[in-house]
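A.B. asks: So here's work.pdb, just PDB, C-alpha atoms and all ligand atoms:
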ATOM      1  CA  GLU A   1      36.657 -27.399 -30.785
ATOM      2  CA  PRO A   2      38.176 -24.036 -29.912
ATOM      3  CA  VAL A   3      39.675 -23.537 -26.463
ATOM      4  CA  ILE A   4      38.009 -20.604 -24.744
ATOM      5  CA  GLY A   5      39.386 -19.240 -21.504
ATOM      6  CA  ILE A   6      37.355 -17.630 -18.760
ATOM      7  CA  LEU A   7      39.126 -15.034 -16.693
ATOM      8  CA  ALA A   8      38.847 -16.686 -13.278
ATOM      9  CA  LEU A   9      39.756 -13.964 -10.818
ATOM     10  CA  GLN A  10      36.161 -13.226  -9.807
ATOM     11  CA  GLY A  11      32.604 -13.778 -11.030
ATOM     12  CA  ASP A  12      30.451 -16.431 -12.701
ATOM     13  CA  VAL A  13      33.289 -18.622 -13.980
ATOM     14  CA  ARG A  14      31.519 -21.965 -13.596
ATOM     15  CA  GLU A  15      28.324 -20.790 -15.279
ATOM     16  CA  HIS A  16      30.272 -19.513 -18.284
ATOM     17  CA  ALA A  17      32.274 -22.747 -18.474
ATOM     18  CA  ALA A  18      29.139 -24.913 -18.478
ATOM     19  CA  ILE A  19      27.434 -22.895 -21.166
ATOM     20  CA  LEU A  20      30.586 -22.719 -23.352
ATOM     21  CA  GLU A  21      30.864 -26.512 -23.208
ATOM     22  CA  ARG A  22      27.237 -26.774 -24.348
ATOM     23  CA  ALA A  23      28.103 -24.344 -27.152
ATOM     24  CA  ARG A  24      30.819 -26.768 -28.331
ATOM     25  CA  ALA A  25      33.932 -25.091 -27.006
ATOM     26  CA  ARG A  26      36.504 -26.316 -24.505
ATOM     27  CA  ALA A  27      36.367 -24.043 -21.474
ATOM     28  CA  ARG A  28      39.478 -23.337 -19.370
ATOM     29  CA  PRO A  29      39.884 -21.075 -16.360
ATOM     30  CA  VAL A  30      42.600 -18.441 -16.843
ATOM     31  CA  ARG A  31      44.496 -17.038 -13.869
ATOM     32  CA  ARG A  32      48.071 -16.947 -15.142
ATOM     33  CA  PRO A  33      49.814 -15.461 -18.185
ATOM     34  CA  ALA A  34      50.833 -18.966 -19.331
ATOM     35  CA  GLU A  35      47.171 -20.030 -19.323
ATOM     36  CA  LEU A  36      46.184 -16.920 -21.266
ATOM     37  CA  ALA A  37      48.759 -17.753 -23.923
ATOM     38  CA  GLU A  38      47.047 -21.081 -24.622
ATOM     39  CA  VAL A  39      43.475 -20.006 -25.365
ATOM     40  CA  ASP A  40      41.873 -19.160 -28.719
ATOM     41  CA  GLY A  41      39.426 -16.730 -27.136
ATOM     42  CA  LEU A  42      38.534 -15.359 -23.716
ATOM     43  CA  VAL A  43      35.418 -14.554 -21.675
ATOM     44  CA  LEU A  44      35.569 -11.767 -19.101
ATOM     45  CA  PRO A  45      32.750 -12.497 -16.645
ATOM     46  CA  GLY A  46      30.716 -10.076 -14.577
ATOM     47  CA  GLY A  47      31.764  -9.105 -11.103
ATOM     48  CA  GLU A  48      33.145  -5.778 -10.036
ATOM     49  CA  SER A  49      35.236  -4.013 -12.635
ATOM     50  CA  THR A  50      37.430  -1.974 -10.265
ATOM     51  CA  THR A  51      38.245  -5.072  -8.186
ATOM     52  CA  MET A  52      38.864  -7.084 -11.328
ATOM     53  CA  SER A  53      41.194  -4.487 -12.786
ATOM     54  CA  ARG A  54      43.153  -4.489  -9.525
ATOM     55  CA  LEU A  55      43.314  -8.311  -9.576
ATOM     56  CA  LEU A  56      44.481  -8.230 -13.199
ATOM     57  CA  GLU A  57      47.445  -6.148 -12.086
ATOM     58  CA  THR A  58      48.160  -8.356  -9.056
ATOM     59  CA  PHE A  59      48.105 -11.511 -11.197
ATOM     60  CA  GLU A  60      50.288  -9.805 -13.832
ATOM     61  CA  LEU A  61      47.638 -10.342 -16.451
ATOM     62  CA  LEU A  62      46.808  -6.755 -17.375
ATOM     63  CA  GLU A  63      49.586  -6.169 -19.925
ATOM     64  CA  PRO A  64      49.510  -9.690 -21.460
ATOM     65  CA  LEU A  65      45.745  -9.390 -21.821
ATOM     66  CA  ARG A  66      45.956  -5.943 -23.440
ATOM     67  CA  GLU A  67      48.515  -7.378 -25.860
ATOM     68  CA  ARG A  68      46.407 -10.382 -26.808
ATOM     69  CA  ILE A  69      43.341  -8.207 -27.328
ATOM     70  CA  ALA A  70      45.337  -5.750 -29.436
ATOM     71  CA  GLY A  71      46.588  -8.776 -31.391
ATOM     72  CA  GLY A  72      43.026  -9.750 -32.313
ATOM     73  CA  MET A  73      42.122 -12.472 -29.803
ATOM     74  CA  PRO A  74      38.318 -12.911 -29.781
ATOM     75  CA  THR A  75      37.134 -11.627 -26.419
ATOM     76  CA  TYR A  76      33.669 -11.480 -24.870
ATOM     77  CA  GLY A  77      32.978  -9.290 -21.847
ATOM     78  CA  SER A  78      29.760  -9.455 -19.834
ATOM     79  CA  CYS A  79      28.794  -6.569 -17.534
ATOM     80  CA  ALA A  80      31.996  -5.808 -15.568
ATOM     81  CA  GLY A  81      33.800  -7.427 -18.538
ATOM     82  CA  MET A  82      32.193  -4.862 -20.861
ATOM     83  CA  ILE A  83      33.429  -2.089 -18.569
ATOM     84  CA  LEU A  84      36.996  -3.470 -18.574
ATOM     85  CA  LEU A  85      37.025  -3.691 -22.376
ATOM     86  CA  ALA A  86      35.874  -0.113 -22.939
ATOM     87  CA  ARG A  87      38.266   2.672 -23.847
ATOM     88  CA  GLU A  88      36.616   5.013 -21.339
ATOM     89  CA  VAL A  89      34.404   4.645 -18.262
ATOM     90  CA  LEU A  90      32.059   7.241 -16.785
ATOM     91  CA  ASP A  91      31.338   6.957 -13.056
ATOM     92  CA  GLY A  92      34.328   4.638 -12.678
ATOM     93  CA  ARG A  93      36.872   4.734  -9.875
ATOM     94  CA  PRO A  94      40.051   6.782 -10.361
ATOM     95  CA  ASP A  95      42.334   3.718 -10.247
ATOM     96  CA  GLN A  96      40.231   1.667 -12.697
ATOM     97  CA  ARG A  97      42.350   0.268 -15.555
ATOM     98  CA  GLN A  98      41.053  -0.316 -19.084
ATOM     99  CA  LEU A  99      41.829  -2.994 -21.666
ATOM    100  CA  ASP A 100      41.012  -0.695 -24.614
ATOM    101  CA  GLY A 101      39.382  -3.438 -26.661
ATOM    102  CA  LEU A 102      36.302  -1.414 -27.609
ATOM    103  CA  ASP A 103      36.220   2.127 -28.908
ATOM    104  CA  VAL A 104      33.305   3.083 -26.678
ATOM    105  CA  VAL A 105      32.449   5.097 -23.605
ATOM    106  CA  VAL A 106      30.454   3.102 -21.037
ATOM    107  CA  ARG A 107      28.685   4.344 -17.959
ATOM    108  CA  ARG A 108      29.217   2.166 -14.907
ATOM    109  CA  ASN A 109      26.166   1.235 -12.748
ATOM    110  CA  ALA A 110      24.168   3.198 -15.300
ATOM    111  CA  PHE A 111      20.752   1.658 -14.669
ATOM    112  CA  GLY A 112      21.459   1.513 -10.953
ATOM    113  CA  ARG A 113      20.135   4.979 -10.377
ATOM    114  CA  GLN A 114      16.639   3.616 -10.985
ATOM    115  CA  VAL A 115      17.009  -0.044  -9.980
ATOM    116  CA  ASP A 116      19.827  -2.415  -9.052
ATOM    117  CA  SER A 117      18.703  -5.218 -11.293
ATOM    118  CA  PHE A 118      16.029  -5.957 -13.847
ATOM    119  CA  GLU A 119      15.186  -8.340 -16.661
ATOM    120  CA  ALA A 120      14.154  -7.584 -20.215
ATOM    121  CA  GLU A 121      13.421  -9.250 -23.550
ATOM    122  CA  LEU A 122      15.873  -8.086 -26.189
ATOM    123  CA  ASP A 123      16.210  -8.497 -29.927
ATOM    124  CA  PHE A 124      19.849  -9.287 -30.669
ATOM    125  CA  ALA A 125      21.187  -8.692 -34.194
ATOM    126  CA  GLY A 126      22.621 -11.910 -35.608
ATOM    127  CA  ILE A 127      20.841 -14.179 -33.126
ATOM    128  CA  GLU A 128      17.803 -16.061 -34.362
ATOM    129  CA  GLY A 129      14.986 -17.793 -32.531
ATOM    130  CA  GLY A 130      13.225 -14.876 -30.897
ATOM    131  CA  PRO A 131      14.166 -12.317 -28.269
ATOM    132  CA  LEU A 132      16.696 -13.049 -25.535
ATOM    133  CA  HIS A 133      15.728 -12.944 -21.902
ATOM    134  CA  ALA A 134      18.407 -10.656 -20.432
ATOM    135  CA  VAL A 135      19.335 -10.295 -16.753
ATOM    136  CA  PHE A 136      20.912  -6.969 -15.773
ATOM    137  CA  ILE A 137      22.702  -6.599 -12.417
ATOM    138  CA  ARG A 138      24.130  -3.151 -11.615
ATOM    139  CA  ALA A 139      24.739  -3.014 -15.311
ATOM    140  CA  PRO A 140      26.570  -0.476 -17.424
ATOM    141  CA  TRP A 141      25.288   0.895 -20.719
ATOM    142  CA  VAL A 142      27.195   2.110 -23.750
ATOM    143  CA  GLU A 143      26.965   5.854 -23.782
ATOM    144  CA  LYS A 144      28.971   6.507 -26.955
ATOM    145  CA  ALA A 145      30.234   4.185 -29.659
ATOM    146  CA  ALA A 146      32.699   5.013 -32.429
ATOM    147  CA  ASP A 147      32.026   4.251 -36.090
ATOM    148  CA  GLY A 148      32.817   0.608 -36.667
ATOM    149  CA  VAL A 149      31.201  -0.525 -33.437
ATOM    150  CA  GLU A 150      28.166  -2.645 -34.277
ATOM    151  CA  ILE A 151      25.152  -2.173 -32.044
ATOM    152  CA  LEU A 152      23.610  -5.604 -31.459
ATOM    153  CA  ALA A 153      20.967  -4.902 -28.821
ATOM    154  CA  GLN A 154      19.248  -2.001 -27.130
ATOM    155  CA  THR A 155      16.703  -1.762 -24.345
ATOM    156  CA  ALA A 156      13.176  -0.779 -25.314
ATOM    157  CA  VAL A 157      11.897   2.746 -25.017
ATOM    158  CA  THR A 158       9.558   2.838 -22.012
ATOM    159  CA  GLY A 159       7.859   5.945 -20.666
ATOM    160  CA  ASP A 160      10.536   8.632 -20.452
ATOM    161  CA  GLU A 161      13.431   6.137 -20.675
ATOM    162  CA  THR A 162      15.286   6.228 -23.979
ATOM    163  CA  ALA A 163      16.730   3.125 -25.626
ATOM    164  CA  ARG A 164      20.142   2.170 -24.218
ATOM    165  CA  ILE A 165      22.850   0.241 -26.033
ATOM    166  CA  VAL A 166      23.493  -3.012 -24.153
ATOM    167  CA  ALA A 167      25.273  -5.301 -26.638
ATOM    168  CA  ILE A 168      28.007  -4.417 -29.115
ATOM    169  CA  ARG A 169      30.681  -5.903 -31.267
ATOM    170  CA  GLN A 170      33.825  -4.380 -32.705
ATOM    171  CA  GLY A 171      35.768  -6.829 -34.872
ATOM    172  CA  PRO A 172      36.724  -9.767 -32.625
ATOM    173  CA  VAL A 173      35.454  -8.132 -29.421
ATOM    174  CA  LEU A 174      31.910  -8.734 -28.144
ATOM    175  CA  ALA A 175      30.297  -7.231 -25.045
ATOM    176  CA  THR A 176      26.927  -7.396 -23.306
ATOM    177  CA  ALA A 177      25.777  -5.325 -20.348
ATOM    178  CA  PHE A 178      23.704  -8.324 -19.228
ATOM    179  CA  HIS A 179      24.486 -11.860 -18.015
ATOM    180  CA  PRO A 180      23.476 -14.589 -20.493
ATOM    181  CA  GLU A 181      25.254 -17.217 -18.364
ATOM    182  CA  LEU A 182      22.472 -16.886 -15.769
ATOM    183  CA  THR A 183      19.539 -17.805 -17.999
ATOM    184  CA  GLY A 184      20.523 -21.129 -19.544
ATOM    185  CA  ASP A 185      20.132 -19.626 -23.023
ATOM    186  CA  GLU A 186      23.229 -20.569 -25.008
ATOM    187  CA  ARG A 187      22.700 -18.279 -27.964
ATOM    188  CA  VAL A 188      25.073 -15.448 -27.004
ATOM    189  CA  HIS A 189      27.838 -17.956 -26.216
ATOM    190  CA  ARG A 190      27.197 -19.754 -29.513
ATOM    191  CA  PHE A 191      27.461 -16.385 -31.273
ATOM    192  CA  PHE A 192      30.850 -15.861 -29.575
ATOM    193  CA  VAL A 193      32.046 -19.393 -30.374
ATOM    194  CA  ARG A 194      31.253 -18.678 -34.050
ATOM    195  CA  MET A 195      33.374 -15.503 -33.794
ATOM    196  CA  VAL A 196      36.254 -17.597 -32.394
ATOM    197  CA  HIS A 197      35.878 -20.147 -35.208
ATOM    198  CA  ARG A 198      36.176 -17.388 -37.780
ATOM    199  CA  THR A 199      39.602 -16.352 -36.462
ATOM    200  CA  THR A 200      41.152 -19.783 -35.813
TER     201      THR A 200
HETATM  202  N1  LIG B   1      28.643  -2.726 -11.342
HETATM  203  C1  LIG B   1      29.702  -3.654 -11.643
HETATM  204  C2  LIG B   1      30.975  -2.888 -11.990
HETATM  205  O1  LIG B   1      31.028  -1.721 -11.864
HETATM  206  C3  LIG B   1      29.324  -4.604 -12.739
HETATM  207  C4  LIG B   1      28.232  -5.514 -12.262
HETATM  208  C5  LIG B   1      28.225  -6.873 -12.879
HETATM  209  O2  LIG B   1      29.208  -7.328 -13.478
HETATM  210  N2  LIG B   1      27.158  -7.588 -12.675
HETATM  211  O3  LIG B   1      31.925  -3.487 -12.374
END
Can I see the file as structure tokens?
Ligand code: GLN
C.D. replies:
Amino acid sequence: EPVIGILALQGDVREHAAILERARARARPVRRPAELAEVDGLVLPGGESTTMSRLLETFELLEPLRERIAGGMPTYGSCAGMILLAREVLDGRPDQRQLDGLDVVVRRNAFGRQVDSFEAELDFAGIEGGPLHAVFIRAPWVEKAADGVEILAQTAVTGDETARIVAIRQGPVLATAFHPELTGDERVHRFFVRMVHRTT
């Protein structure tokens, strides 16, 4: 079984660990560079991306993490994790630091102008068994994606709202604007575990 770390500075660490174990991976919290060095893949949970980027610097994880991502470590970011992985953030804070794992522009708190949180049924490319029930909490969306970024899920067009990109993959990096760890549905984590298997 692959060893998958969960960045444990903030956020839903326990929920991700439980669901990764059900998806046949060994879950390990990661707070130190030495712990990062030992994992085959990493989950960046939701939380608050500006706080998390500050904590990454405090815990001296920012540079080691950028290096591992640049070196091809499979990485999955949910919500704030998606924001951290993006090359560029709109509506971010000036001191927000990026991991540059995804060649995309994301908009922070993008849906928040209408509502803080909402749930939706989404079709997810590469995941079978019907739509996913997705929970969005002050979620970002992907505003622009470079060629080579696969769009895996979008919100539905409703009224005057256009479809928004909410799940993507670029090589070994996966990101969702929503929180699959909150629904008990293991399919996104299984999808990520398969990505980790392919590189180990
Ligand atoms: N709005 C948060 C941010 O800017 C993300 C919210 C979440 O992770 N649920 O980082």
A.B. asks: Give as number ranges by chain the residues that the PyMOL selection byres (((chain A and resi 167) around 10) and not hetatm) matches when applied to the coordinates above.
C.D. replies: A: 77-79, 82, 122, 124-125, 141-142, 150-155, 164-166, 168-169, 174-178
A.B. asks: Need the shell around range 156-161 of chain A: protein/DNA/RNA residues with any atom at most 12 Å away, counting all atoms listed in the file. Skip same-chain ones fewer than 4 positions apart. Format as a list in words?
C.D. replies: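 Everything that qualifies: Phe111, Gln114, Glu119, Ala120, Glu121, Leu122, Asp123, Pro131, Ile165 and Val166 of chain A.
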A.B. asks: Where does chain A meet ligand LIG 1 (chain B) within 9 Å, residue by residue, with the nearest atom pair and distance in Å to one decimal for each, counting only C-alpha atoms and all ligand atoms, listed by chain and rising number, as CSV?
C.D. replies:
residue,atom,partner,partner_atom,distance
A:Gly11,CA,B:LIG1,O2,7.7
A:Pro45,CA,B:LIG1,O2,7.0
A:Gly46,CA,B:LIG1,O2,3.3
A:Gly47,CA,B:LIG1,O2,3.9
A:Glu48,CA,B:LIG1,O3,3.5
A:Ser49,CA,B:LIG1,O3,3.4
A:Thr50,CA,B:LIG1,O3,6.1
A:Thr51,CA,B:LIG1,O3,7.7
A:Met52,CA,B:LIG1,O3,7.9
A:Ser78,CA,B:LIG1,O2,6.7
A:Cys79,CA,B:LIG1,O2,4.1
A:Ala80,CA,B:LIG1,O2,3.8
A:Gly81,CA,B:LIG1,O2,6.8
A:Met82,CA,B:LIG1,O2,8.3
A:Ile83,CA,B:LIG1,O3,6.5
A:Leu84,CA,B:LIG1,O3,8.0
A:Asp91,CA,B:LIG1,O1,8.8
A:Gly92,CA,B:LIG1,O1,7.2
A:Arg93,CA,B:LIG1,O1,8.9
A:Arg107,CA,B:LIG1,O1,8.9
A:Arg108,CA,B:LIG1,O1,5.3
A:Asn109,CA,B:LIG1,N1,4.9
A:Ala110,CA,B:LIG1,N1,8.4
A:Gly112,CA,B:LIG1,N1,8.4
A:Ser117,CA,B:LIG1,N2,8.9
A:Phe136,CA,B:LIG1,N2,7.0
A:Ile137,CA,B:LIG1,N2,4.6
A:Arg138,CA,B:LIG1,N1,4.5
A:Ala139,CA,B:LIG1,C4,5.3
A:Pro140,CA,B:LIG1,N1,6.8
A:Ala177,CA,B:LIG1,O2,7.9
A:Phe178,CA,B:LIG1,N2,7.4
A:His179,CA,B:LIG1,N2,7.3
A.B. asks: For those residues, write C-alpha atoms to a file as a PDB file, in the coordinates of the input.
C.D. replies:
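New file again.pdb:
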ATOM      1  CA  GLY A  11      32.604 -13.778 -11.030  1.00  0.00           C
ATOM      2  CA  PRO A  45      32.750 -12.497 -16.645  1.00  0.00           C
ATOM      3  CA  GLY A  46      30.716 -10.076 -14.577  1.00  0.00           C
ATOM      4  CA  GLY A  47      31.764  -9.105 -11.103  1.00  0.00           C
ATOM      5  CA  GLU A  48      33.145  -5.778 -10.036  1.00  0.00           C
ATOM      6  CA  SER A  49      35.236  -4.013 -12.635  1.00  0.00           C
ATOM      7  CA  THR A  50      37.430  -1.974 -10.265  1.00  0.00           C
ATOM      8  CA  THR A  51      38.245  -5.072  -8.186  1.00  0.00           C
ATOM      9  CA  MET A  52      38.864  -7.084 -11.328  1.00  0.00           C
ATOM     10  CA  SER A  78      29.760  -9.455 -19.834  1.00  0.00           C
ATOM     11  CA  CYS A  79      28.794  -6.569 -17.534  1.00  0.00           C
ATOM     12  CA  ALA A  80      31.996  -5.808 -15.568  1.00  0.00           C
ATOM     13  CA  GLY A  81      33.800  -7.427 -18.538  1.00  0.00           C
ATOM     14  CA  MET A  82      32.193  -4.862 -20.861  1.00  0.00           C
ATOM     15  CA  ILE A  83      33.429  -2.089 -18.569  1.00  0.00           C
ATOM     16  CA  LEU A  84      36.996  -3.470 -18.574  1.00  0.00           C
ATOM     17  CA  ASP A  91      31.338   6.957 -13.056  1.00  0.00           C
ATOM     18  CA  GLY A  92      34.328   4.638 -12.678  1.00  0.00           C
ATOM     19  CA  ARG A  93      36.872   4.734  -9.875  1.00  0.00           C
ATOM     20  CA  ARG A 107      28.685   4.344 -17.959  1.00  0.00           C
ATOM     21  CA  ARG A 108      29.217   2.166 -14.907  1.00  0.00           C
ATOM     22  CA  ASN A 109      26.166   1.235 -12.748  1.00  0.00           C
ATOM     23  CA  ALA A 110      24.168   3.198 -15.300  1.00  0.00           C
ATOM     24  CA  GLY A 112      21.459   1.513 -10.953  1.00  0.00           C
ATOM     25  CA  SER A 117      18.703  -5.218 -11.293  1.00  0.00           C
ATOM     26  CA  PHE A 136      20.912  -6.969 -15.773  1.00  0.00           C
ATOM     27  CA  ILE A 137      22.702  -6.599 -12.417  1.00  0.00           C
ATOM     28  CA  ARG A 138      24.130  -3.151 -11.615  1.00  0.00           C
ATOM     29  CA  ALA A 139      24.739  -3.014 -15.311  1.00  0.00           C
ATOM     30  CA  PRO A 140      26.570  -0.476 -17.424  1.00  0.00           C
ATOM     31  CA  ALA A 177      25.777  -5.325 -20.348  1.00  0.00           C
ATOM     32  CA  PHE A 178      23.704  -8.324 -19.228  1.00  0.00           C
ATOM     33  CA  HIS A 179      24.486 -11.860 -18.015  1.00  0.00           C
TER      34      HIS A 179
END
A.B. asks: Grab the CA of Lys144 in chain A to CA of Gly129 in chain A distance for me, in Å with one decimal place.
C.D. replies: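 So the answer is 28.6 Å.
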A.B. asks: Find the residue from A:Leu9, A:Met73, A:Ala27, A:Ala86 that sits nearest to His197 in chain A; use only C-alpha atoms when measuring.
C.D. replies: A:Met73
A.B. asks: How many Å separate CA of Gly5 in chain A from CA of Leu36 in chain A?
C.D. replies: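 Those two atoms sit 7.2 Å apart.
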A.B. asks: To one decimal place, how far is CA of His133 in chain A from CA of Val105 in chain A in Å?
C.D. replies: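 We find that CA of His133 in chain A and CA of Val105 in chain A lie 24.7 Å from each other.
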A.B. asks: Please expand the PyMOL selection byres (((chain A and resi 22-24) around 12) and not hetatm) into the concrete residues it hits in this file, giving the result as a list of chain:residue names.
C.D. replies: A:Glu1, A:Pro2, A:Val3, A:Ile4, A:Glu15, A:His16, A:Ala17, A:Ala18, A:Ile19, A:Leu20, A:Glu21, A:Ala25, A:Arg26, A:Ala27, A:Glu181, A:Gly184, A:Asp185, A:Glu186, A:Arg187, A:Val188, A:His189, A:Arg190, A:Phe191, A:Phe192, A:Val193, A:Arg194, A:Val196, A:His197
A.B. asks: With a distance cut-off of 8 Å and only C-alpha atoms, select the neighbouring residues of Ala8 in chain A, excluding the residue or stretch itself and same-chain residues fewer than 4 positions from it, and output the selection as an NGL selection string.
C.D. replies: :A and (13 or 29-31)
A.B. asks: Applied to this file, what does the PyMOL selection byres (((chain A and resi 173) around 6) and not hetatm) return in terms of residues, put as a list of chain:residue names?
C.D. replies: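 Those residues are A:Pro74, A:Thr75, A:Tyr76, A:Arg169, A:Gln170, A:Gly171, A:Pro172, A:Leu174.
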